[in-house]
>>> print(open('my_file-v5.tsv').read())   # TSV, C-alpha atoms
chain	number	residue	atom	x	y	z
K	1	MET	CA	-3.61	-19.37	-27.92
K	2	THR	CA	0.06	-18.98	-28.78
K	3	GLY	CA	2.39	-16.01	-28.84
K	4	ASP	CA	2.48	-14.25	-32.21
K	5	THR	CA	6.16	-13.90	-33.06
K	6	THR	CA	6.03	-13.55	-36.84
K	7	GLY	CA	4.76	-10.52	-38.66
K	8	GLY	CA	3.61	-9.04	-35.38
K	9	ILE	CA	4.90	-5.52	-35.81
K	10	THR	CA	2.57	-3.17	-37.60
K	11	GLU	CA	3.90	0.30	-38.25
K	12	ASP	CA	1.48	3.15	-38.90
K	13	THR	CA	2.91	5.91	-41.04
K	14	THR	CA	-0.14	7.03	-43.00
K	15	GLY	CA	-2.06	10.27	-43.14
K	16	ASP	CA	-1.07	12.83	-40.52
K	17	MET	CA	1.55	10.51	-39.00
K	18	THR	CA	-0.56	9.81	-35.92
K	19	GLY	CA	-1.33	6.28	-37.02
K	20	ASP	CA	-4.16	4.43	-38.70
K	21	THR	CA	-6.38	3.16	-35.89
K	22	THR	CA	-8.83	1.09	-37.91
K	23	GLY	CA	-8.86	-2.41	-39.21
K	24	ASP	CA	-6.01	-4.64	-38.12
K	25	ILE	CA	-5.36	-3.82	-34.49
K	26	GLY	CA	-6.80	-7.14	-33.45
K	27	GLY	CA	-5.35	-9.03	-36.39
K	28	THR	CA	-7.86	-11.65	-37.50
K	29	ASP	CA	-9.36	-11.90	-34.00
K	30	PRO	CA	-12.79	-10.19	-33.92
K	31	ARG	CA	-12.65	-9.60	-30.17
K	32	ARG	CA	-11.55	-6.18	-28.96
K	33	PRO	CA	-8.05	-6.64	-27.55
K	34	VAL	CA	-6.41	-5.32	-24.43
K	35	ILE	CA	-3.98	-2.56	-25.45
K	36	VAL	CA	-0.94	-1.62	-23.38
K	37	GLY	CA	1.53	1.17	-24.06
K	38	TYR	CA	5.22	0.31	-23.74
K	39	ASP	CA	8.28	2.57	-23.73
K	40	GLY	CA	10.78	0.52	-21.76
K	41	SER	CA	10.24	2.31	-18.44
K	42	ASP	CA	9.70	0.48	-15.16
K	43	GLY	CA	6.10	1.72	-15.10
K	44	ALA	CA	5.49	0.36	-18.60
K	45	LYS	CA	6.94	-3.01	-17.62
K	46	ARG	CA	4.50	-3.23	-14.71
K	47	ALA	CA	1.66	-2.29	-17.06
K	48	VAL	CA	2.60	-5.05	-19.53
K	49	LEU	CA	2.74	-7.65	-16.77
K	50	TRP	CA	-0.68	-6.66	-15.40
K	51	ALA	CA	-2.19	-6.47	-18.89
K	52	SER	CA	-0.80	-9.91	-19.78
K	53	ARG	CA	-2.36	-11.49	-16.73
K	54	TYR	CA	-5.71	-9.82	-17.34
K	55	ALA	CA	-5.79	-10.63	-21.07
K	56	VAL	CA	-5.17	-14.33	-20.39
K	57	ALA	CA	-7.89	-14.41	-17.74
K	58	ALA	CA	-10.32	-12.60	-20.06
K	59	GLN	CA	-9.32	-14.77	-23.04
K	60	LEU	CA	-8.53	-11.68	-25.08
K	61	PRO	CA	-5.56	-10.92	-27.32
K	62	LEU	CA	-2.99	-8.37	-26.14
K	63	VAL	CA	-1.57	-5.59	-28.32
K	64	VAL	CA	1.68	-4.02	-27.11
K	65	VAL	CA	1.99	-0.52	-28.60
K	66	HIS	CA	5.14	1.56	-28.86
K	67	CYS	CA	4.77	5.18	-29.96
K	68	TRP	CA	7.80	6.93	-31.44
K	69	THR	CA	8.12	10.53	-32.54
K	70	TRP	CA	11.49	10.68	-34.29
K	71	PRO	CA	9.98	10.64	-37.82
K	72	PHE	CA	8.47	14.04	-36.97
K	73	PHE	CA	11.93	15.51	-36.47
K	74	THR	CA	14.34	13.72	-38.79
K	75	ARG	CA	14.53	11.47	-41.84
K	76	ASP	CA	17.83	10.03	-40.65
K	77	LEU	CA	16.35	7.01	-38.89
K	78	GLY	CA	19.36	4.78	-39.50
K	79	PRO	CA	21.06	2.46	-39.49
K	80	VAL	CA	24.46	4.06	-38.98
K	81	GLN	CA	26.86	2.80	-41.64
K	82	GLY	CA	29.12	0.11	-40.26
K	83	VAL	CA	27.31	-0.15	-36.92
K	84	GLN	CA	25.17	-3.25	-36.52
K	85	ASP	CA	21.64	-2.88	-35.13
K	86	SER	CA	21.96	0.91	-34.99
K	87	GLY	CA	19.61	3.75	-35.83
K	88	LEU	CA	16.46	5.28	-34.39
K	89	ARG	CA	14.15	2.89	-36.23
K	90	ARG	CA	16.04	-0.12	-34.95
K	91	GLU	CA	15.82	1.19	-31.38
K	92	ALA	CA	12.05	1.61	-31.69
K	93	GLU	CA	11.74	-1.94	-33.03
K	94	ARG	CA	13.95	-3.22	-30.20
K	95	LEU	CA	11.68	-1.64	-27.58
K	96	MET	CA	8.64	-3.07	-29.32
K	97	ALA	CA	10.14	-6.56	-29.30
K	98	GLU	CA	11.15	-6.12	-25.66
K	99	GLY	CA	7.57	-5.37	-24.65
K	100	GLN	CA	6.29	-8.38	-26.59
K	101	ALA	CA	8.92	-10.65	-25.04
K	102	LEU	CA	8.01	-9.47	-21.55
K	103	ALA	CA	4.36	-10.33	-22.17
K	104	THR	CA	5.04	-13.76	-23.66
K	105	ARG	CA	7.47	-14.71	-20.91
K	106	ALA	CA	4.86	-13.79	-18.31
K	107	GLU	CA	2.02	-15.59	-20.10
K	108	PRO	CA	3.34	-18.10	-22.69
K	109	ASP	CA	-0.15	-19.03	-23.92
K	110	LEU	CA	-1.19	-15.44	-24.59
K	111	LEU	CA	-1.70	-14.17	-28.14
K	112	VAL	CA	0.49	-11.05	-28.24
K	113	ARG	CA	0.55	-8.68	-31.18
K	114	THR	CA	2.65	-5.54	-31.49
K	115	ARG	CA	2.11	-2.17	-33.07
K	116	LEU	CA	4.68	0.50	-33.82
K	117	VAL	CA	2.90	3.82	-34.13
K	118	VAL	CA	4.37	7.11	-35.30
K	119	GLY	CA	2.89	9.72	-33.00
K	120	PHE	CA	2.79	11.18	-29.53
K	121	PRO	CA	1.59	8.57	-26.98
K	122	SER	CA	-1.20	10.71	-25.54
K	123	GLU	CA	-2.78	11.17	-28.98
K	124	ALA	CA	-2.02	7.82	-30.59
K	125	LEU	CA	-3.22	5.69	-27.68
K	126	VAL	CA	-6.45	7.66	-27.41
K	127	ARG	CA	-7.12	6.91	-31.08
K	128	LEU	CA	-6.33	3.25	-30.59
K	129	SER	CA	-8.64	3.06	-27.57
K	130	ALA	CA	-11.62	3.13	-29.93
K	131	GLU	CA	-10.66	-0.42	-30.96
K	132	ALA	CA	-9.87	-1.77	-27.45
K	133	SER	CA	-11.78	-3.39	-24.64
K	134	LEU	CA	-9.30	-2.00	-22.10
K	135	LEU	CA	-6.35	0.40	-22.35
K	136	VAL	CA	-3.54	-0.21	-19.85
K	137	THR	CA	-0.81	2.26	-18.95
K	138	GLY	CA	1.85	2.75	-16.32
K	139	THR	CA	1.92	5.77	-14.05
K	140	ARG	CA	4.91	7.41	-15.72
K	141	GLY	CA	7.06	6.90	-18.77
K	142	LEU	CA	10.76	7.46	-19.26
K	143	GLY	CA	10.27	11.20	-18.87
K	144	GLY	CA	8.90	10.90	-15.34
K	145	PHE	CA	10.66	12.14	-12.24
K	146	ALA	CA	8.53	10.79	-9.39
K	147	GLU	CA	6.64	7.50	-9.22
K	148	LEU	CA	4.24	8.95	-6.67
K	149	LEU	CA	2.65	11.28	-9.20
K	150	ILE	CA	0.88	10.25	-12.36
K	151	GLY	CA	2.39	11.34	-15.67
K	152	SER	CA	0.71	13.66	-18.15
K	153	VAL	CA	0.20	10.87	-20.70
K	154	SER	CA	-1.61	8.60	-18.24
K	155	LEU	CA	-3.77	11.49	-17.06
K	156	HIS	CA	-4.64	12.40	-20.65
K	157	LEU	CA	-5.60	8.81	-21.43
K	158	ALA	CA	-7.86	8.62	-18.38
K	159	ALA	CA	-9.53	11.84	-19.49
K	160	SER	CA	-9.87	11.11	-23.20
K	161	ALA	CA	-9.90	7.38	-24.01
K	162	SER	CA	-12.97	5.76	-25.54
K	163	CYS	CA	-12.65	2.60	-23.45
K	164	PRO	CA	-11.90	1.95	-19.77
K	165	VAL	CA	-8.33	2.78	-18.74
K	166	MET	CA	-6.31	0.93	-16.11
K	167	VAL	CA	-3.42	2.90	-14.59
K	168	VAL	CA	-1.04	0.31	-13.13
K	169	ARG	CA	1.24	0.78	-10.15
K	170	ASP	CA	1.31	-2.85	-9.01
K	171	ALA	CA	2.00	-5.53	-11.62
K	172	ARG	CA	0.77	-8.40	-9.47
K	173	PRO	CA	-1.60	-7.18	-6.74
K	174	THR	CA	-2.50	-9.88	-4.24
K	175	HIS	CA	-5.55	-8.26	-2.64
K	176	GLY	CA	-8.79	-10.14	-3.10
K	177	THR	CA	-11.18	-7.24	-3.66
K	178	VAL	CA	-11.97	-4.93	-6.58
K	179	VAL	CA	-13.47	-1.69	-5.27
K	180	VAL	CA	-15.70	0.65	-7.27
K	181	ALA	CA	-16.55	4.09	-5.95
K	182	VAL	CA	-20.15	4.96	-6.81
K	183	ASP	CA	-22.12	8.20	-6.57
K	184	GLY	CA	-25.32	7.49	-8.51
K	185	SER	CA	-24.19	9.12	-11.77
K	186	PRO	CA	-24.40	7.39	-15.18
K	187	ALA	CA	-20.59	7.19	-15.30
K	188	SER	CA	-20.68	5.56	-11.89
K	189	ASP	CA	-23.14	2.98	-13.19
K	190	ARG	CA	-20.79	2.16	-16.08
K	191	ALA	CA	-17.86	1.95	-13.66
K	192	ALA	CA	-19.79	-0.53	-11.50
K	193	ALA	CA	-20.54	-2.74	-14.51
K	194	THR	CA	-16.91	-2.64	-15.67
K	195	ALA	CA	-15.58	-3.33	-12.18
K	196	ALA	CA	-17.93	-6.31	-11.90
K	197	ASP	CA	-16.58	-7.73	-15.17
K	198	VAL	CA	-12.97	-7.27	-14.04
K	199	ALA	CA	-13.65	-8.78	-10.61
K	200	ARG	CA	-15.35	-11.77	-12.21
K	201	THR	CA	-12.51	-12.21	-14.70
K	202	LEU	CA	-9.81	-12.06	-12.02
K	203	HIS	CA	-11.84	-14.13	-9.51
K	204	LYS	CA	-12.01	-11.28	-7.00
K	205	ARG	CA	-14.75	-9.99	-4.72
K	206	LEU	CA	-16.44	-6.72	-5.66
K	207	GLN	CA	-17.06	-3.98	-3.14
K	208	LEU	CA	-19.39	-1.07	-3.85
K	209	LEU	CA	-18.12	2.03	-2.03
K	210	HIS	CA	-20.02	5.27	-1.50
K	211	VAL	CA	-18.32	8.12	0.35
K	212	ASN	CA	-20.74	10.61	1.86
K	213	VAL	CA	-18.84	13.90	1.97
K	214	GLN	CA	-19.36	15.73	5.26
K	215	ARG	CA	-18.26	19.34	4.91
K	216	ARG	CA	-18.09	19.95	8.63
K	217	ARG	CA	-15.33	18.01	10.33
K	218	LYS	CA	-17.47	17.19	13.36
K	219	GLN	CA	-19.96	15.46	11.08
K	220	ALA	CA	-17.38	13.16	9.51
K	221	GLY	CA	-18.16	9.55	10.33
K	222	ALA	CA	-21.88	10.17	10.71
K	223	LEU	CA	-23.92	8.15	8.24
K	224	PRO	CA	-27.59	8.54	7.31
K	225	GLU	CA	-29.98	5.98	8.74
K	226	GLY	CA	-31.21	3.12	6.59
K	227	ARG	CA	-29.66	1.65	3.48
K	228	ASP	CA	-27.59	4.03	1.39
K	229	PRO	CA	-29.70	4.78	-1.73
K	230	VAL	CA	-26.59	5.19	-3.90
K	231	LEU	CA	-25.38	1.72	-2.93
K	232	GLU	CA	-28.89	0.37	-3.39
K	233	ARG	CA	-28.94	1.73	-6.96
K	234	ALA	CA	-25.53	0.23	-7.77
K	235	ALA	CA	-26.47	-3.13	-6.28
K	236	ALA	CA	-29.68	-3.18	-8.31
K	237	LEU	CA	-27.64	-2.84	-11.50
K	238	LEU	CA	-25.81	-6.04	-10.59
K	239	ALA	CA	-28.92	-7.93	-9.52
K	240	GLY	CA	-29.01	-11.47	-10.79
K	241	THR	CA	-25.24	-11.83	-10.80
K	242	THR	CA	-24.67	-15.21	-9.17
K	243	ASP	CA	-20.97	-15.79	-9.91
K	244	LEU	CA	-19.71	-12.71	-8.07
K	245	THR	CA	-19.52	-11.88	-4.36
K	246	VAL	CA	-20.65	-8.28	-3.86
K	247	THR	CA	-20.35	-6.29	-0.63
K	248	GLU	CA	-21.28	-2.71	0.22
K	249	ASP	CA	-19.45	-0.01	2.17
K	250	SER	CA	-20.96	3.37	3.01
K	251	ALA	CA	-18.52	5.78	4.61
K	252	ALA	CA	-18.54	9.40	5.74
K	253	SER	CA	-15.51	11.59	5.29
K	254	SER	CA	-14.55	15.22	4.80
K	255	SER	CA	-12.73	14.19	1.59
K	256	ALA	CA	-14.00	11.60	-0.87
K	257	ALA	CA	-10.67	11.61	-2.70
K	258	GLY	CA	-8.69	11.09	0.49
K	259	PHE	CA	-10.87	8.17	1.56
K	260	ILE	CA	-10.69	6.50	-1.87
K	261	VAL	CA	-6.90	6.96	-1.98
K	262	GLN	CA	-6.68	5.07	1.31
K	263	ARG	CA	-8.70	2.23	-0.19
K	264	THR	CA	-6.29	1.91	-3.14
K	265	SER	CA	-3.66	0.50	-0.77
K	266	ASP	CA	-5.73	-2.57	0.16
K	267	ALA	CA	-7.60	-3.33	-3.07
K	268	SER	CA	-6.62	-5.20	-6.21
K	269	CYS	CA	-7.78	-2.09	-8.06
K	270	VAL	CA	-10.22	0.78	-7.56
K	271	PHE	CA	-12.61	1.89	-10.30
K	272	LEU	CA	-14.20	5.29	-10.75
K	273	GLY	CA	-16.47	6.83	-13.35
K	274	ALA	CA	-14.71	9.48	-15.42
K	275	ARG	CA	-17.40	12.05	-14.72
K	276	GLY	CA	-19.12	11.93	-11.35
K	277	SER	CA	-22.35	13.51	-10.19
K	278	HIS	CA	-20.59	16.73	-9.19
K	279	SER	CA	-18.10	17.00	-12.04
K	280	THR	CA	-17.70	20.05	-14.21
K	281	PRO	CA	-18.30	19.69	-17.98
K	282	THR	CA	-14.68	18.56	-18.31
K	283	ARG	CA	-14.16	14.81	-18.33
K	284	LEU	CA	-12.29	14.34	-15.04
K	285	GLY	CA	-13.39	15.88	-11.76
K	286	SER	CA	-11.13	16.96	-8.91
K	287	THR	CA	-11.74	13.72	-6.99
K	288	ILE	CA	-10.51	11.56	-9.86
K	289	HIS	CA	-7.52	13.84	-10.43
K	290	ALA	CA	-6.53	13.48	-6.78
K	291	VAL	CA	-7.02	9.71	-6.74
K	292	LEU	CA	-4.96	9.23	-9.92
K	293	HIS	CA	-2.14	11.38	-8.57
K	294	HIS	CA	-1.91	9.89	-5.08
K	295	ALA	CA	-3.21	6.32	-5.34
K	296	LYS	CA	-1.07	3.59	-3.79
K	297	GLY	CA	-2.42	0.89	-6.09
K	298	ASN	CA	-4.07	0.37	-9.48
K	299	VAL	CA	-6.87	2.68	-10.59
K	300	GLY	CA	-9.41	2.10	-13.37
K	301	VAL	CA	-11.29	4.99	-15.00
K	302	VAL	CA	-14.43	4.30	-17.02
K	303	PRO	CA	-15.76	6.83	-19.57
>>> encode(input="my_file-v5.tsv", output="structure tokens")
Amino acid sequence: MTGDTTGGITEDTTGDMTGDTTGDIGGTDPRRPVIVGYDGSDGAKRAVLWASRYAVAAQLPLVVVHCWTWPFFTRDLGPVQGVQDSGLRREAERLMAEGQALATRAEPDLLVRTRLVVGFPSEALVRLSAEASLLVTGTRGLGGFAELLIGSVSLHLAASASCPVMVVRDARPTHGTVVVAVDGSPASDRAAATAADVARTLHKRLQLLHVNVQRRRKQAGALPEGRDPVLERAAALLAGTTDLTVTEDSAASSSAAGFIVQRTSDASCVFLGARGSHSTPTRLGSTIHAVLHHAKGNVGVVP
């Protein structure tokens, strides 16, 4: 595969100005690409670097998407007379090219396409997720004020995307284990399958983690006797997988979110199902909210 440097920018300006999400997102490649949002922020740069590495390993094309909203507010998109390379449109194209260049420098053999979408990132990227195998985002964009907390766009993507979402804090994690938190729910089953695919792709070990929540502090640390049935169910789903090392960890804690957050500091990434066994009808439960906000490493959310 080679970097796509000609005709790579596709601008969507049709319909309601949120972008046409069908057809050409993967170019002529029938495989669903990895999509990463880019706005020039440090968090977006880390997301592009992680997405580039993963796309190469998975042998998938990468689409770098920049969402711009200025056409909603003004028709004066430039250029400014007499000023070279000026104007709002030119700035959007510059950011798009910057994201593509970052990806191709990191992975020269990667097929990288770009897409300039008129629309708000939280809405446009959710639409595009219907055509992706994985949607990658940083923790915060240029509007963020604290790297320790996840931004509203990333949270919205985790709650609404059609495909798995990877929220990146570490561009090049060195830990050898992908962790998936399981609870026996259907979303947990899907998270385990996705985590297994990612671990296999990145040549990592997979650890199945079940946190038994003990409401009374004195009970914390006490585990039921015998094999954990939740872990047994998750392991059964992966039965027959011979090219992946799978381990199990059953833990007891007064806070599932707190325990999982701790694990994000020593894992390549931690996966969770978007709706656990105790979630409300809304997509994301309180545990996932807490993990996304306070994680020390990369977190994947599977719908």
>>> closest_residue(input="my_file-v5.tsv", among="K:Phe120, K:Phe259, K:Tyr54, K:Trp68", to="K:Ala103", atoms="all atoms listed in the file")
K:Tyr54
>>> residues_around(input="my_file-v5.tsv", residues="stretch 32-49 of chain K", least_positions_apart="4", cutoff="6 Å", atoms="all atoms listed in the file", output="list of chain:residue names")
K:Leu60, K:Pro61, K:Leu62, K:Val63, K:Val64, K:Val65, K:His66, K:Ala132, K:Ser133, K:Leu134, K:Leu135, K:Val136, K:Thr137, K:Gly138, K:Thr139, K:Arg140, K:Gly141, K:Leu142, K:Val168, K:Ala171
>>> atom_distance(input="my_file-v5.tsv", atom1="atom CA of K:Thr201", atom2="atom CA of K:Ser162")
21.0 Å
>>> atom_distance(input="my_file-v5.tsv", atom1="atom CA of K:His289", atom2="atom CA of K:Asp197")
23.9 Å
>>> atom_distance(input="my_file-v5.tsv", atom1="atom CA of K:Leu157", atom2="atom CA of K:Leu125")
7.4 Å
>>> closest_residue(input="my_file-v5.tsv", among="K:Ser52, K:Ser254, K:Ser268, K:Ser129", to="K:Ala101", atoms="all atoms listed in the file")
K:Ser52
>>> residues_around(input="my_file-v5.tsv", residues="K:Thr104", least_positions_apart="3", cutoff="12 Å", atoms="only C-alpha atoms", output="count of residues only")
29
